[in-house]
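What follows is a set of notes on a single structure, which appears directly below.
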Amino acid sequence: MNATEAAAGATDFIQRMRGGLDEGLDPMEAAERAATALPKALRESIARMSRRLAGEYHEDEWGFDEEFAEAAYPLFEFLYDVWWRVQAEGVGHVPSHGRGLIVSNHSGSLFPFDATMIGVSVMKEHPLPRWTRGLVLNWAFELPFISFFLRKIGGVPASPFNATRLLEQDELVMVFPEGVKGTGKPFSDRYRLQRFGRGGFVEVALRTGSPIIPVAVVGGEEIYPKIAEAPGLARLLGAPFVPITPTFPWLGPLGLIPLPARWRIEFCEPIDLSGYEPEAANDKALLFDVSEQVRETIQAKLYDNLVKRGSAFL
Amino acid sequence: MPAAGRRVVIAGVSSHWGSELARVLERDPSVSHLAGIDTSEPEADLERTEFIEADIRNPVISRILPGLEPQVVVHCGIVWYPEPDKPARALHDINVIGTLQLLAACERCDGLEAVVARGSAAIYGSEGAAPGFFTEDMARRYPLKTRFQRDIGELEGYFANFARRHTEVTCTMLRFQPEIGPGLDQPLARYLALPVVPTQLGYDPRLQLLHADDATSALAAAVRNPVRGPVNVAPDGTISLTKILRLAGRPSLPLPHQLAAPLLARVGRQLGAADLYNDGIRLLRFGRGCDNSRLKRDVGFAPRFDAEAAVRDFVAKGAAGRRLVSSVHPGQLARRMGAGV
């Protein structure tokens with residue numbers, strides 16, 4: 001639908017609406033009759049909106065709203081294709097159905113976009129697209145707007161209980177074991193993996209018999225290069241950290257625009273844990289072994305992809 | 001549990017849920033004798049329930065209860081909202097001291113087999129970053145923030161203590177999520193029936209509202225088949241407040257929560273939920289989900305309505321006579337304009 005068509009539709013709508021009112025129809029009826037003048041795409045989106053306003057849409061038990069996620073998808077797709085020119089490799093390693101645990105490095109201080117970009121690459125490049133369910137930093141779920149936005153696009157608070165339940169429901173779960181240590185590291189430490197939590201993600205994978213898919217993301221570190229922190233402000237807001245970047249907070253809201261770095265995402269060979277019994281989850285040494293194996297895989301792939309990417313922005 | 005000839009005592013029989021349970025158990029042939037204790041006579045028409053007027057807060061209960069020779073004691077005297085003869089400032093006494101005195105009386109009963117308490121899932125609190133579904137072993141993961149949460153926490157402490165000391169008695173603590181139902185006139189139902197519903201800007205809690213029929217049946221199921229320890233009583237799934245309001249056709253008024261909290265407290269008082277129990281405000285900001293697998297597996301009861309079906313039933317049958325879907329809702333206009341696509 002182009003602009004002139006839309007304008008013509010709108011004028012036609014107003015004329016018919018006025019005509020209807022002149023004939024003595026009540027405003028509701030007039031609007032109903034005039035609506036036939038509107039283009040089909042617009043009428044369809046009005047129909048969808050009215051259905052949603054009447055509460056007729058589906059949310060799963062976590063509050064994930066697939067229709068909402070689809071509506072937000074084009075924005076992420078734009079970031080993926082145009083802004084960050086993401087190149088994904090090995091998406092076929094993601095199981096097309098059944099449970100799976102994606103484990104990735106974490107980056108992007110202000111807004112960790114790496115989770116959404118991994119999600120988009122599975123949706124775009126996988127032969128059988130599916131939604132990924134991200135485990136998100138708990139603090140985000142205390143915040144207004146952000147909390148329900150994240151939930152509606154499939155995020156859940158990071159907790160082993162949530163991860164276990166989601167995997168038992170055969171979902172594709174995404175976890176960032178570095179947590180805030182990963183997103184909050186200074187620019188000079190970029191692409192150096194931090195400690196991988198306490199091996200909790202391996203425990204969850206063993207208990208639920210899920211394969212681990214290590215993922216290396218290159219590009220997220222350059223979108224908000226953190227050069228310093230504002231600890232006083234962080235304490236005031238109760239935030240884990242408040243970054244200072246070359247653009248934030250100097251340019252105000254404009255500083256929130258992420259820099260257009262080039263990204264590469266590589267999905268590695270899944271680590272199959274089906275040889276172990278669920279009781280193996282109690283073996284701490286095994287947890288640290290597997291955790292270290294995943295960490296080394298990701299670190300090696302990070303260096304690989306940094307070389308393959310070449311220049312960060314051009 | 002012997003199949004026939006059980007003697008059951010319901011403490012708090014005049015409360016809504018106490019009366020509902022009595023009505024169900026009166027029809028149950030395995031209950032040979034049914035007695036109810038409360039401060040005022042039940043409004044419901046009960047046929048074979050022996051009514052004893054007594055206050056569970058009064059130590060005299062320790063002399064009355066053993067005389068009834070109960071095998072099962074059901075504690076329905078934990079109240080969530082103030083009632084006509086139970087003012088807000090007495091709720092702490094009724095819930096905490098009442099439970100304490102009732103348990104002391106239970107110690108004197110020979111042949112007691114089970115104590116079933118109708119508690120609340122408020123012990124888990126309402127937190128943004130909480131696990132999506134609390135299981136029974138996750139109580140007190142978060143500090144108890146409201147007066148009601150602390151009361152529930154305290155009385156559950158007494159209850160667990162009693163269970164530890166009396167291993168011969170099966171003690172069941174039922175943790176109920178808030179109920180909703182066509183005939184149920186409670187502050188939450190009144191809140192959803194307000195002409196304009198104030199909500200907290202930027203928050204959309206995931207709620208589990210238990211259908212009133214399921215609430216009664218779950219209680220009766222637990223009396224027939226008591227299990228040890230706490231059991232969550234919650235429907236399957238969750239539903240967001242936004243979706244509830246849209247299904248009910250209620251316009252909402254989102255306010256920043258710094259403003260909404262005092263307003264909601266006032267509204268809550270008007271609706272009959274004392275401000276002292278500002279549990280609801282946190283619930284309506286962060287929500288709460290509970291895992292009901294123990295209810296299904298151990299008690300053997302599966303709720304008939306899931307979270308969404310309970311709300312749909314509530315809307316379809318009209319909330320206690322109020323007309324819920326108004327014609328000025330913006331959704332109405334959009335529906336008519338989008339018709340015929």
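To be explicit about the labels: the chains of the structure tokens are called A, B, and onward in the order shown, and within each one the residues are counted from 1, while ligands get numbers from 1 in the order they are shown.
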
If the cut-off is 10 Å, can you tell me the residues of chain A near chain B, counting only C-alpha atoms? I'd like them as a PyMOL selection string.
chain A and resi 27-36+38+40-63+136-149+151+156-163+165

Write out as a VMD selection string which residues come within 12 Å of A:Ile213 when counting only C-alpha atoms, dropping same-chain ones fewer than 3 positions away.
chain A and resid 90 to 95 99 to 105 118 172 to 176 201 to 202 205 210 216 266 to 273 291 293 to 295 297 to 298

For B:Asp185, which residue among B:Glu83, B:Glu69, B:Glu136, B:Glu154 is the nearest when counting only C-alpha atoms?
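Checking each candidate against B:Asp185, we get B:Glu83 as the closest.
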
With a distance cut-off of 6 Å and only C-alpha atoms, select the neighbouring residues of A:Gly155, excluding the residue or stretch itself and same-chain residues fewer than 3 positions from it, and output the selection as a list in words.
Arg133, Gly134, Leu135, Leu150 and Arg151 of chain A

Output file for the selection above: N, CA and C atoms, as a CSV table (one decimal), in the first residue's frame:
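Saved result, part_5.csv, follows:
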chain,number,residue,atom,x,y,z
A,133,ARG,N,13.7,-19.2,23.7
A,133,ARG,CA,13.3,-18.6,24.9
A,133,ARG,C,14.5,-18.2,25.7
A,134,GLY,N,14.7,-16.9,25.9
A,134,GLY,CA,15.9,-16.4,26.6
A,134,GLY,C,15.7,-16.3,28.1
A,135,LEU,N,16.8,-16.7,28.8
A,135,LEU,CA,16.8,-16.4,30.3
A,135,LEU,C,17.4,-15.1,30.5
A,150,LEU,N,9.7,-7.9,27.6
A,150,LEU,CA,10.6,-9.1,27.6
A,150,LEU,C,9.8,-10.4,27.7
A,151,ARG,N,8.8,-10.4,28.6
A,151,ARG,CA,8.0,-11.6,28.8
A,151,ARG,C,7.2,-11.9,27.5

Tell me which protein, DNA and RNA residues are within 8 Å of A:Ile153, counting only C-alpha atoms, leaving out same-chain ones fewer than 6 positions away, and put them as a list in words.
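Here the answer would be Phe64, Asp65, Glu66, Phe68 and Ala69 of chain A.
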
I need the chosen residues saved as a PDB file, in the first residue's frame, with C-alpha atoms.
ATOM      1  CA  PHE A  64       4.895 -15.389  25.791  1.00  0.00           C
ATOM      2  CA  ASP A  65       2.627 -13.851  23.165  1.00  0.00           C
ATOM      3  CA  GLU A  66       3.570 -15.160  19.727  1.00  0.00           C
ATOM      4  CA  PHE A  68       3.193  -9.781  19.753  1.00  0.00           C
ATOM      5  CA  ALA A  69       6.614 -11.278  19.032  1.00  0.00           C
TER       6      ALA A  69
END

Return the single residue from B:His211, B:His33, B:His166, B:Arg288 that is closest to B:Cys109, with distances computed using only C-alpha atoms.
B:His166
